[in-house]
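Shown next: run-v5.txt, containing compact mmCIF, C-alpha atoms.
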# COMPACT_ATOMS: atom_id res chain seq x y z
CA MET S 21 0.00 0.00 0.00
CA ILE S 22 2.64 2.50 1.08
CA LEU S 23 5.11 1.09 -1.43
CA ASN S 24 2.47 1.50 -4.09
CA PHE S 25 2.01 5.11 -3.09
CA LEU S 26 5.75 5.79 -3.13
CA ASN S 27 6.13 4.07 -6.47
CA MET S 28 3.49 6.28 -8.16
CA GLY S 29 2.99 3.87 -11.03
CA GLY S 30 6.69 3.73 -11.80
CA TYR S 31 7.15 7.50 -11.92
CA GLY S 32 7.90 7.89 -8.19
CA PHE S 33 11.49 8.96 -8.76
CA TYR S 34 10.58 11.97 -10.91
CA ILE S 35 7.63 13.02 -8.78
CA TRP S 36 9.35 12.76 -5.42
CA LEU S 37 12.51 14.40 -6.71
CA SER S 38 10.62 17.39 -8.07
CA TYR S 39 8.55 17.78 -4.90
CA SER S 40 11.60 17.48 -2.67
CA PHE S 41 13.59 19.92 -4.79
CA ALA S 42 10.76 22.43 -4.44
CA LEU S 43 10.47 21.86 -0.68
CA VAL S 44 14.22 22.11 -0.04
CA SER S 45 14.68 25.25 -2.12
CA LEU S 46 11.61 26.97 -0.66
CA TYR S 47 12.65 26.05 2.86
CA SER S 48 16.16 27.38 2.32
CA LEU S 49 14.69 30.60 0.95
CA TYR S 50 12.69 30.92 4.17
CA TYR S 51 15.68 29.95 6.32
CA PHE S 52 18.09 32.44 4.79
CA SER S 53 15.53 35.24 4.77
CA SER S 54 14.77 34.72 8.47
CA LYS S 55 18.45 34.48 9.27
CA GLN S 56 19.11 37.78 7.53
CA LEU S 57 16.28 39.43 9.43
CA LYS S 58 17.58 38.05 12.72
CA SER S 59 21.00 39.54 12.03
CA VAL S 60 19.47 43.03 12.21
CA LYS S 61 16.88 42.22 14.84
CA HIS S 62 18.62 44.30 17.54
CA LEU S 63 18.05 47.39 15.42
CA GLU S 64 14.36 46.79 15.04
CA ALA S 65 13.44 48.59 18.25
CA ILE S 66 14.47 51.90 16.71
CA TYR S 67 11.88 51.35 14.04
CA SER S 68 8.78 51.68 16.13
CA SER S 69 6.08 52.37 13.64
CA SER S 70 5.51 55.96 14.72
CA SER S 71 9.07 57.10 14.04
CA LEU S 72 9.77 54.81 11.14
CA GLU S 73 8.89 57.43 8.57
CA LYS S 74 11.48 59.82 9.96
CA VAL S 75 14.17 57.19 10.30
CA VAL S 76 13.69 55.56 6.94
CA ASP S 77 13.98 58.50 4.66
CA LEU S 78 13.25 56.65 1.48
CA ASN S 79 9.68 57.63 1.05
CA SER S 80 9.31 60.39 -1.44
CA ALA S 81 5.81 59.62 -2.59
CA GLN S 82 4.83 63.27 -2.36
CA ARG S 83 7.51 64.23 -4.81
CA ILE S 84 5.46 62.88 -7.73
CA MET C 13 0.38 66.19 -10.81
CA PHE C 14 3.79 65.11 -12.13
CA SER C 15 6.94 67.13 -11.72
CA LYS C 16 8.70 68.53 -14.79
CA SER C 17 11.70 66.25 -14.41
CA SER C 18 9.42 63.21 -14.18
CA ILE C 19 7.78 64.16 -17.43
CA SER C 20 11.08 64.67 -19.22
CA ARG C 21 12.30 61.29 -17.99
CA LEU C 22 9.05 59.78 -19.19
CA LYS C 23 9.61 61.29 -22.66
CA VAL C 24 13.14 59.90 -22.87
CA PHE C 25 11.85 56.54 -21.69
CA PHE C 26 9.16 56.33 -24.35
CA LEU C 27 11.64 57.34 -27.03
CA PHE C 28 13.88 54.46 -26.02
CA PHE C 29 10.90 52.18 -25.60
CA PHE C 30 9.70 52.89 -29.13
CA PHE C 31 13.12 52.14 -30.61
CA THR C 32 13.57 48.94 -28.63
CA ILE C 33 10.17 47.71 -29.72
CA LEU C 34 11.15 48.44 -33.32
CA VAL C 35 14.45 46.56 -32.97
CA ILE C 36 12.78 43.64 -31.23
CA PHE C 37 10.16 43.47 -33.93
CA PHE C 38 12.81 43.08 -36.63
CA VAL C 39 14.83 40.60 -34.60
CA TYR C 40 11.67 38.60 -34.00
CA LYS C 41 10.79 38.60 -37.69
CA ASN C 42 14.26 37.30 -38.45
CA ILE C 43 14.26 34.65 -35.76
CA LYS C 44 10.88 33.43 -36.87
CA LYS C 45 12.20 32.94 -40.39
CA ASN C 46 15.50 31.32 -39.53
CA SER C 47 14.98 29.26 -36.43
CA VAL C 48 12.51 26.48 -36.68
CA TYR C 49 12.28 24.03 -33.83
CA PHE C 50 10.58 21.48 -36.03
CA TYR C 51 9.16 21.23 -39.56
CA SER C 52 5.74 19.90 -40.33
CA PRO C 53 5.49 17.18 -43.00
CA LYS C 54 3.98 19.76 -45.33
CA GLN C 55 6.97 22.08 -44.94
CA VAL C 56 9.25 19.14 -45.74
CA GLN C 57 7.44 18.58 -49.03
CA ASN C 58 8.02 22.23 -49.90
CA LEU C 59 11.77 22.14 -49.20
CA ASN C 60 13.88 22.90 -52.26
CA ASN C 61 17.05 21.08 -51.28
CA MET C 62 17.54 18.32 -48.75
CA PRO C 63 19.17 19.59 -45.54
CA SER C 64 22.26 17.52 -44.71
CA ALA C 65 22.28 18.67 -41.07
CA PRO C 66 19.95 16.95 -38.61
CA VAL C 67 16.43 18.36 -38.55
CA ARG C 68 13.32 17.85 -36.49
CA ILE C 69 9.93 16.91 -37.85
CA GLY C 70 6.75 17.15 -35.83
CA GLY C 71 3.31 15.77 -36.47
CA LEU C 72 0.83 13.09 -35.56
CA VAL C 73 1.81 9.45 -35.33
CA LYS C 74 -0.47 7.77 -37.85
CA GLN C 75 -3.00 5.30 -36.45
CA GLY C 76 -1.85 1.70 -36.84
CA SER C 77 1.48 2.63 -38.35
CA ILE C 78 3.87 1.61 -35.56
CA LYS C 79 5.66 -1.62 -36.48
CA LYS C 80 8.60 -3.24 -34.81
CA ASN C 81 11.03 -5.75 -36.25
CA ASN C 82 14.50 -6.64 -35.00
CA GLY C 83 14.42 -3.76 -32.53
CA ILE C 84 13.82 -1.22 -35.27
CA TYR C 85 10.64 0.79 -35.14
CA ASN C 86 8.91 1.97 -38.28
CA PHE C 87 6.09 4.49 -38.10
CA ILE C 88 4.54 7.32 -40.05
CA ILE C 89 4.54 10.97 -39.02
CA THR C 90 1.67 12.73 -40.70
CA ASP C 91 -0.20 16.03 -40.85
CA LEU C 92 -3.18 14.04 -42.24
CA ASN C 93 -2.22 15.00 -45.84
CA ASN C 94 1.49 14.29 -46.12
CA ASP C 95 3.12 11.18 -44.70
CA ILE C 96 6.75 10.69 -43.78
CA PHE C 97 8.09 7.21 -43.08
CA VAL C 98 10.34 7.17 -40.04
CA GLU C 99 12.86 4.54 -39.04
CA TYR C 100 14.10 4.51 -35.48
CA LYS C 101 16.23 2.25 -33.34
CA GLY C 102 16.00 2.76 -29.60
CA LEU C 103 13.54 3.21 -26.77
CA LEU C 104 10.28 5.06 -27.33
CA PRO C 105 9.04 7.47 -24.64
CA ASP C 106 5.97 6.40 -22.67
CA LEU C 107 3.73 9.00 -24.22
CA PHE C 108 4.56 7.94 -27.77
CA ILE C 109 1.11 6.75 -28.79
CA GLU C 110 -0.60 6.34 -32.13
CA GLY C 111 -2.85 9.29 -32.88
CA LYS C 112 -0.86 11.68 -30.64
CA SER C 113 1.82 14.17 -31.59
CA ALA C 114 5.53 13.46 -31.60
CA VAL C 115 8.73 15.17 -32.67
CA VAL C 116 11.49 13.17 -34.33
CA GLU C 117 15.09 14.32 -34.63
CA GLY C 118 17.42 12.95 -37.29
CA TYR C 119 18.26 12.99 -40.99
CA LEU C 120 16.04 13.23 -44.03
CA LYS C 121 16.83 10.58 -46.63
CA ASP C 122 14.38 12.06 -49.08
CA LYS C 123 11.08 13.85 -48.84
CA LYS C 124 9.27 10.71 -47.80
CA SER C 125 11.67 8.92 -45.48
CA PHE C 126 13.50 9.88 -42.37
CA ILE C 127 16.02 8.21 -40.09
CA ALA C 128 15.45 9.27 -36.51
CA ARG C 129 18.14 9.59 -33.85
CA THR C 130 15.77 10.71 -31.13
CA VAL C 131 12.03 10.42 -30.74
CA LEU C 132 10.25 12.88 -28.46
CA ALA C 133 6.60 12.61 -27.50
CA LYS C 134 4.65 15.85 -27.45
CA HIS C 135 1.68 15.98 -25.17
CA ASP C 136 -1.31 18.26 -25.53
CA GLN C 137 -2.87 20.69 -23.08
CA ASN C 138 -5.74 18.38 -22.11
CA TYR C 139 -5.69 16.77 -18.71
CA MET C 140 -8.39 14.47 -17.38
CA PRO C 141 -8.85 11.38 -15.24
CA PRO C 142 -9.03 8.04 -17.13
CA GLU C 143 -12.77 7.56 -16.40
CA ILE C 144 -13.62 10.88 -18.02
CA ALA C 145 -11.43 10.06 -21.02
CA LYS C 146 -13.25 6.75 -21.42
CA MET C 147 -16.64 8.48 -21.20
CA LEU C 148 -15.57 11.03 -23.84
CA LYS C 149 -14.40 8.25 -26.12
CA VAL C 150 -17.69 6.41 -25.83
CA LYS C 151 -19.54 9.63 -26.53
CA THR C 152 -17.61 10.42 -29.71
CA GLU C 153 -18.02 6.85 -30.93
CA ASN C 154 -21.78 7.06 -30.38
CA ASN C 155 -21.89 10.29 -32.35
CA LYS C 156 -20.21 8.64 -35.32
CA MET J 7 -3.62 58.37 -2.19
CA PHE J 8 0.04 57.41 -1.85
CA GLU J 9 -0.34 56.49 1.81
CA ILE J 10 -0.29 52.82 0.90
CA PHE J 11 3.23 53.15 -0.49
CA ARG J 12 4.71 54.43 2.75
CA PRO J 13 7.42 52.09 4.10
CA ARG J 14 5.46 51.72 7.28
CA VAL J 15 2.53 49.91 5.68
CA PHE J 16 4.19 46.60 4.87
CA PHE J 17 6.42 46.88 7.91
CA ASN J 18 3.38 46.97 10.19
CA LEU J 19 1.67 44.31 8.15
CA ALA J 20 4.68 42.07 8.69
CA ASN J 21 4.58 42.66 12.43
CA SER J 22 0.88 42.04 12.81
CA SER J 23 0.17 39.27 10.34
CA LEU J 24 3.22 37.04 9.92
CA PHE J 25 2.05 34.54 12.52
CA TRP J 26 -1.40 34.19 10.96
CA LEU J 27 0.02 33.95 7.47
CA LYS J 28 2.35 31.15 8.56
CA LEU J 29 -0.58 29.33 10.14
CA LEU J 30 -2.66 29.74 6.99
CA PHE J 31 0.29 28.55 4.92
CA ILE J 32 0.78 25.36 6.95
CA ILE J 33 -2.92 24.48 6.80
CA SER J 34 -3.22 25.18 3.10
CA LEU J 35 0.04 23.35 2.37
CA ILE J 36 -1.23 20.22 4.09
CA ILE J 37 -4.56 20.37 2.25
CA SER J 38 -3.09 21.06 -1.17
CA LEU J 39 -0.30 18.51 -0.83
CA SER J 40 -2.72 15.78 0.17
CA PHE J 41 -4.90 16.65 -2.80
CA ALA J 42 -1.93 16.84 -5.15
CA LEU J 43 -0.36 13.57 -4.06
CA ILE J 44 -3.24 11.41 -2.84
CA PHE J 45 -6.75 12.51 -3.73
CA SER J 46 -6.31 13.83 -7.24
CA PRO J 47 -6.82 11.29 -10.04
CA ILE J 48 -4.14 10.30 -12.52
CA ASP J 49 -4.19 11.64 -16.05
CA TYR J 50 -5.51 9.31 -18.76
CA LEU J 51 -2.27 9.54 -20.76
CA GLN J 52 0.44 10.79 -18.45
CA LYS J 53 -0.63 8.66 -15.48
CA ASP J 54 1.03 9.81 -12.27
CA THR J 55 3.50 12.24 -13.86
CA VAL J 56 0.68 14.77 -14.00
CA ARG J 57 1.35 15.35 -10.29
CA ILE J 58 4.55 17.18 -11.19
CA MET J 59 2.31 19.80 -12.78
CA TYR J 60 1.10 20.87 -9.32
CA VAL J 61 4.65 22.06 -8.57
CA HIS J 62 5.69 23.12 -12.05
CA VAL J 63 2.82 25.29 -13.20
CA PRO J 64 2.23 27.40 -10.04
CA SER J 65 5.99 28.03 -9.74
CA SER J 66 6.14 29.23 -13.34
CA TRP J 67 3.13 31.49 -12.85
CA ILE J 68 4.56 33.01 -9.69
CA SER J 69 8.01 33.55 -11.17
CA LEU J 70 6.48 35.33 -14.17
CA PHE J 71 4.10 37.36 -12.03
CA ILE J 72 6.87 38.43 -9.65
CA PHE J 73 9.01 39.55 -12.57
CA LEU J 74 6.08 41.58 -13.85
CA ILE J 75 5.83 43.35 -10.48
CA ILE J 76 9.61 43.89 -10.42
CA GLY J 77 9.51 45.39 -13.91
CA VAL J 78 6.59 47.72 -13.19
CA SER J 79 8.09 48.80 -9.84
CA SER J 80 11.39 49.49 -11.55
CA PHE J 81 9.63 51.60 -14.14
CA ILE J 82 7.91 53.68 -11.45
CA SER J 83 11.14 53.98 -9.53
CA LEU J 84 13.18 55.01 -12.55
CA ILE J 85 10.73 57.56 -13.91
CA PHE J 86 9.12 58.99 -10.79
CA ARG J 87 12.07 58.50 -8.42
CA ILE J 88 10.11 56.79 -5.68
CA LYS J 89 12.76 54.74 -3.95
CA ILE J 90 10.38 52.47 -2.10
CA PHE J 91 9.51 50.75 -5.39
CA SER J 92 13.14 49.78 -5.85
CA VAL J 93 13.03 48.24 -2.41
CA TYR J 94 9.91 46.25 -3.40
CA ALA J 95 11.71 45.00 -6.50
CA LYS J 96 14.88 44.12 -4.61
CA THR J 97 12.84 42.27 -1.99
CA LEU J 98 10.91 40.23 -4.54
CA ALA J 99 13.82 39.18 -6.75
CA PRO J 100 15.15 36.20 -4.74
CA ILE J 101 11.62 34.79 -4.41
CA GLY J 102 11.07 34.93 -8.15
CA PHE J 103 14.50 33.45 -8.77
CA VAL J 104 13.84 30.42 -6.58
CA PHE J 105 10.44 29.84 -8.19
CA SER J 106 11.87 30.09 -11.69
CA LEU J 107 14.54 27.55 -10.75
CA ILE J 108 11.89 25.20 -9.37
CA SER J 109 9.95 25.62 -12.59
CA LEU J 110 12.97 24.63 -14.70
CA VAL J 111 14.00 21.66 -12.54
CA SER J 112 10.50 20.25 -12.13
CA GLY J 113 9.84 20.82 -15.82
CA SER J 114 12.94 18.87 -16.67
CA LEU J 115 11.90 16.06 -14.32
CA TRP J 116 8.49 16.07 -15.98
CA GLY J 117 9.92 16.18 -19.48
CA TYR J 118 12.07 13.08 -19.15
CA PRO J 119 9.31 10.53 -18.50
CA THR J 120 6.77 12.19 -20.83
CA TRP J 121 8.67 13.71 -23.77
CA GLY J 122 11.71 11.48 -23.51
CA THR J 123 14.24 14.25 -22.90
CA TRP J 124 15.44 16.33 -19.96
CA TRP J 125 15.97 19.44 -22.00
CA SER J 126 15.33 20.70 -25.48
CA TRP J 127 16.12 24.08 -26.99
CA ASP J 128 12.60 24.96 -27.96
CA ALA J 129 11.30 28.51 -27.61
CA ARG J 130 9.47 28.07 -24.29
CA LEU J 131 12.31 26.33 -22.48
CA THR J 132 14.95 28.70 -23.81
CA SER J 133 13.01 31.84 -22.91
CA MET J 134 12.40 30.45 -19.42
CA LEU J 135 16.14 29.85 -19.04
CA VAL J 136 16.68 33.47 -20.08
CA LEU J 137 14.31 34.53 -17.28
CA VAL J 138 16.38 32.59 -14.72
CA LEU J 139 19.54 34.28 -16.04
CA ILE J 140 17.95 37.73 -15.87
CA TYR J 141 16.90 37.07 -12.26
CA PHE J 142 20.46 35.96 -11.53
CA ILE J 143 22.04 39.04 -13.11
CA TYR J 144 19.51 41.25 -11.33
CA ILE J 145 20.30 39.81 -7.89
CA CYS J 146 24.04 39.84 -8.53
CA THR J 147 23.92 43.51 -9.49
CA TRP J 148 22.22 44.38 -6.22
CA ASN J 149 24.83 42.43 -4.28
CA LEU J 150 27.88 43.63 -6.16
CA ILE J 151 27.15 47.36 -6.20
CA LYS J 152 27.20 48.67 -2.66
CA ASN J 153 25.99 52.19 -3.35
CA PHE J 154 22.21 52.08 -3.20
CA ASN J 155 21.58 54.86 -5.70
CA THR J 156 23.85 53.41 -8.38
CA ALA J 157 22.62 49.85 -7.86
CA GLU J 158 19.05 51.11 -7.98
CA LYS J 159 19.43 52.71 -11.41
CA ILE J 160 21.26 49.79 -12.99
CA THR J 161 18.87 47.17 -11.65
CA ASN J 162 15.88 49.27 -12.72
CA ILE J 163 17.18 49.25 -16.27
CA ILE J 164 17.92 45.50 -16.16
CA ALA J 165 14.40 44.80 -14.92
CA ILE J 166 12.76 46.96 -17.60
CA ILE J 167 14.80 45.27 -20.32
CA GLY J 168 13.94 41.90 -18.79
CA LEU J 169 10.27 42.78 -19.03
CA ILE J 170 10.49 42.21 -22.79
CA ASN J 171 11.13 38.55 -22.11
CA LEU J 172 7.75 38.06 -20.39
CA PRO J 173 5.50 38.20 -23.47
CA ILE J 174 8.04 36.02 -25.29
CA ILE J 175 7.68 33.35 -22.61
CA LYS J 176 3.92 33.69 -22.51
CA PHE J 177 3.32 33.50 -26.24
CA SER J 178 6.29 31.33 -27.28
CA VAL J 179 4.02 28.31 -27.50
CA ASN J 180 1.77 30.12 -29.96
CA TRP J 181 4.40 31.92 -32.04
CA TRP J 182 6.75 29.02 -32.64
CA ASN J 183 6.55 25.28 -33.03
CA THR J 184 7.52 24.05 -29.59
CA LEU J 185 7.85 20.74 -27.83
CA HIS J 186 6.13 22.34 -24.87
CA GLN J 187 2.34 22.10 -25.02
CA PRO J 188 0.18 25.26 -25.31
CA SER J 189 -1.40 26.80 -22.22
CA SER J 190 -4.24 24.87 -20.67
CA ILE J 191 -5.62 27.85 -18.83
CA THR J 192 -6.23 30.97 -20.88
CA LEU J 193 -8.32 34.06 -20.36
CA SER J 194 -10.18 33.65 -23.61
CA SER J 195 -11.50 30.10 -23.32
CA ALA J 196 -12.45 27.46 -20.80
CA PRO J 197 -9.56 25.54 -19.22
CA THR J 198 -8.73 22.23 -20.87
CA ILE J 199 -8.02 20.62 -17.52
CA HIS J 200 -10.67 18.50 -15.84
CA VAL J 201 -11.90 20.05 -12.60
CA SER J 202 -10.52 17.22 -10.45
CA ILE J 203 -7.01 18.07 -11.69
CA LEU J 204 -7.60 21.82 -11.87
CA ALA J 205 -8.66 22.10 -8.22
CA PRO J 206 -5.37 20.87 -6.66
CA LEU J 207 -3.49 23.05 -9.15
CA LEU J 208 -5.29 26.18 -7.97
CA MET J 209 -4.93 25.15 -4.31
CA MET J 210 -1.20 24.74 -4.76
CA PHE J 211 -1.05 28.12 -6.51
CA PHE J 212 -2.82 29.74 -3.55
CA THR J 213 -0.45 28.04 -1.09
CA LEU J 214 2.64 29.18 -2.94
CA CYS J 215 1.23 32.73 -3.19
CA ILE J 216 0.84 32.80 0.60
CA PHE J 217 4.39 31.51 0.90
CA SER J 218 5.67 34.27 -1.40
CA LEU J 219 3.84 36.87 0.68
CA ILE J 220 5.44 35.54 3.89
CA ILE J 221 8.93 35.64 2.41
CA PHE J 222 8.23 39.08 0.94
CA LEU J 223 7.26 40.48 4.34
CA ILE J 224 10.30 38.96 6.07
CA ARG J 225 12.70 40.18 3.41
CA TYR J 226 11.01 43.57 3.21
CA LYS J 227 11.51 44.13 6.93
CA TYR J 228 15.15 43.22 6.54
CA GLU J 229 15.64 45.48 3.53
CA ILE J 230 14.05 48.47 5.27
CA ILE J 231 16.21 48.10 8.37
CA ASN J 232 19.26 47.34 6.26
CA PHE J 233 18.64 50.35 4.06
CA ARG J 234 19.02 52.64 7.01
CA ILE J 235 22.25 50.95 8.11
CA ASN J 236 23.79 51.32 4.67
CA LYS J 237 22.83 54.95 4.50
CA LYS J 238 24.75 55.89 7.63

What would the structure in this file look like if it were written as structure tokens?
Amino acid sequence: MILNFLNMGGYGFYIWLSYSFALVSLYSLYYFSSKQLKSVKHLEAIYSSSSLEKVVDLNSAQRI
Amino acid sequence: MFSKSSISRLKVFFLFFFFTILVIFFVYKNIKKNSVYFYSPKQVQNLNNMPSAPVRIGGLVKQGSIKKNNGIYNFIITDLNNDIFVEYKGLLPDLFIEGKSAVVEGYLKDKKSFIARTVLAKHDQNYMPPEIAKMLKVKTENNK
Amino acid sequence: MFEIFRPRVFFNLANSSLFWLKLLFIISLIISLSFALIFSPIDYLQKDTVRIMYVHVPSSWISLFIFLIIGVSSFISLIFRIKIFSVYAKTLAPIGFVFSLISLVSGSLWGYPTWGTWWSWDARLTSMLVLVLIYFIYICTWNLIKNFNTAEKITNIIAIIGLINLPIIKFSVNWWNTLHQPSSITLSSAPTIHVSILAPLLMMFFTLCIFSLIIFLIRYKYEIINFRINKK
């Protein structure tokens, strides 16, 4: 029963390889993104939402 | 609403945009003429001289045409008007089925016969469970 | 009107909704995976290989869609000098890159058992490879050029040029003879996929969209904080 499921009618290799490739690459994307965010976590306190606009001076929407 | 500098940048952008589109259009025209992934049997009939380099031919595998002897497959690639006899030694892909499309890669002997190095199955954009396919088949046979 | 483009908006959204998005993602991943691998029927011709489609097609859609957003954002940033759009584009690029890679690899793994080849230089496959390369160049440019303003301009131009590739990918199956089959789902006509196969496909698409949103929010937060550090 389980072997049958894993075998996928003889195409198990291709199916499981493509699913696992997708899972591994998506997980590593998540892992590295979180790791990057953690590396600047100690700075996050400065960016309380009220003062964010002043600190991050990249918004120039009004300049349109 | 927009600042003057924005508008001037926009003008420059559209100028460039227009020219790139023009260039791409010509490149595309050229590519379309020169690079053909595969020929249809009809295009093969219209060829003036036989290409010596390997070519690809795509079309339907004619119903009931697949024959096998001594490990060599013979079948017919057709566009329903023009037939090309193909000879191939090797393994056929799973989706290589009579009545479905395929692409063969190899050398043209003449306008009617072809020696294939590689056979690729081409599948269509229809997906359905086997039961539905069976029902559809019964339906079309009843309509006949 | 431009309130929504303030840096704060997505930053706050990330703080308030990441947990719920992750929860939604896990639930929808479990549901769509069980449909994709267990409950969905096999195809009448392709048998079980059709299950690769549930990874391949949503990844391709998302990678194309993300590049579209990157291109449009770059256009706005280049012409109207609104920096935040460059940050959006920079944030999205790695996500699109990973999805385009998944699309190529799963497509190759699907091609071997069905077509009989891992790779073929037909128009669709080649133009998709070009997309992966453009993503790669785009990300490299951001990483190699340290000055934000210079990197911003160059990447904006790369993205706008790369935008040309999108219609080529989309219509390659109609313009040229390709090994790749034409689109099953088009705006102009009914899908040629039976509903029992279409449903898991759309579920998987939804799941991967949620995933992209999660990664976007995480990366966006990082980019905003990082932007300030680099500026000092």

Please produce, as CSV, a per-residue contact table for chain C versus chain S (criterion: any atom at most 10 Å away, all atoms listed in the file considered), showing the nearest atom pair and its distance in Å to one decimal, sorted by chain then residue number.
residue,atom,partner,partner_atom,distance
C:Met13,CA,S:Ile84,CA,6.8
C:Phe14,CA,S:Ile84,CA,5.2
C:Ser15,CA,S:Ile84,CA,6.0
C:Lys16,CA,S:Ile84,CA,9.6
C:Ser17,CA,S:Ile84,CA,9.7
C:Ser18,CA,S:Ile84,CA,7.6

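Coordinates place CA of Asn82 in chain C at a distance of 25.0 Å from CA of Lys123 in chain C.
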
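The residue that comes closest to chain J, out of C:Asn42, C:Ser125, C:Ser52, C:Asn154 and on the basis of only C-alpha atoms, is C:Ser52.
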
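Between chain S and the candidates J:Phe154, J:Phe142, J:Trp181, J:Trp67, the tightest atom-to-atom separation, counting only C-alpha atoms, involves J:Phe154.
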
Compile the contact shell of Ser53 in chain S as an mmCIF file with C-alpha atoms, in the frame of the given file: residues with an atom at most 8 Å away, counting all atoms listed in the file, same-chain residues fewer than 4 positions apart removed.
data_model
loop_
_atom_site.group_PDB
_atom_site.id
_atom_site.type_symbol
_atom_site.label_atom_id
_atom_site.label_comp_id
_atom_site.auth_asym_id
_atom_site.auth_seq_id
_atom_site.Cartn_x
_atom_site.Cartn_y
_atom_site.Cartn_z
ATOM 1 C CA LEU S 49 14.690 30.600 0.950
ATOM 2 C CA LEU S 57 16.280 39.430 9.430
ATOM 3 C CA ILE J 221 8.930 35.640 2.410
ATOM 4 C CA ILE J 224 10.300 38.960 6.070
ATOM 5 C CA ARG J 225 12.700 40.180 3.410
#

For the interface of chain J with chain C (cut-off 10 Å, counting all atoms listed in the file), please tabulate each contacting residue of chain J alongside its nearest pair of atoms and their separation in Å to one decimal, rows sorted by chain and increasing number, as a tab-separated table.
residue	atom	partner	partner_atom	distance
J:Ser46	CA	C:Pro141	CA	8.7
J:Pro47	CA	C:Pro141	CA	5.6
J:Ile48	CA	C:Pro141	CA	5.5
J:Asp49	CA	C:Pro141	CA	4.7
J:Tyr50	CA	C:Pro142	CA	4.1
J:Leu51	CA	C:Leu107	CA	6.9
J:Gln52	CA	C:Leu107	CA	6.9
J:Lys53	CA	C:Pro142	CA	8.6
J:Val56	CA	C:Tyr139	CA	8.2
J:Phe81	CA	C:Phe25	CA	9.3
J:Ile82	CA	C:Leu22	CA	9.9
J:Leu84	CA	C:Arg21	CA	8.4
J:Ile85	CA	C:Arg21	CA	5.7
J:Phe86	CA	C:Ser18	CA	5.4
J:Arg87	CA	C:Ser18	CA	7.9
J:Gly117	CA	C:Ala133	CA	9.4
J:Tyr118	CA	C:Pro105	CA	8.4
J:Pro119	CA	C:Asp106	CA	6.8
J:Thr120	CA	C:Leu107	CA	5.6
J:Trp121	CA	C:Ala133	CA	4.4
J:Gly122	CA	C:Pro105	CA	4.9
J:Thr123	CA	C:Leu132	CA	7.0
J:Ser126	CA	C:Tyr49	CA	9.5
J:Trp127	CA	C:Tyr49	CA	7.8
J:Asp128	CA	C:Tyr49	CA	6.0
J:Ala129	CA	C:Tyr49	CA	7.7
J:Ile166	CA	C:Phe29	CA	9.7
J:Ile167	CA	C:Thr32	CA	9.2
J:Ile170	CA	C:Ile33	CA	8.9
J:Ile174	CA	C:Tyr40	CA	9.8
J:Trp181	CA	C:Lys44	CA	8.2
J:Trp182	CA	C:Lys44	CA	7.4
J:Asn183	CA	C:Tyr49	CA	5.9
J:Thr184	CA	C:Tyr49	CA	6.4
J:Leu185	CA	C:Lys134	CA	5.9
J:His186	CA	C:Lys134	CA	7.1
J:Gln187	CA	C:Asp136	CA	5.3
J:Pro188	CA	C:Gln137	CA	5.9
J:Ser189	CA	C:Gln137	CA	6.3
J:Ser190	CA	C:Gln137	CA	5.0
J:Ile191	CA	C:Gln137	CA	8.8
J:Pro197	CA	C:Asn138	CA	8.6
J:Thr198	CA	C:Asn138	CA	5.0
J:Ile199	CA	C:Tyr139	CA	4.7
J:His200	CA	C:Met140	CA	4.9
J:Val201	CA	C:Met140	CA	8.1
J:Ser202	CA	C:Pro141	CA	7.7
J:Ile203	CA	C:Met140	CA	6.9
J:Leu204	CA	C:Tyr139	CA	8.7

> Which value, in Å to one decimal, gives the distance between CA of Ser112 in chain J and CA of Ile220 in chain J?
Replying inline: 22.7 Å

> Do you have the CA of Phe17 in chain J-CA of Asn155 in chain J distance handy?
Replying inline: 21.9 Å
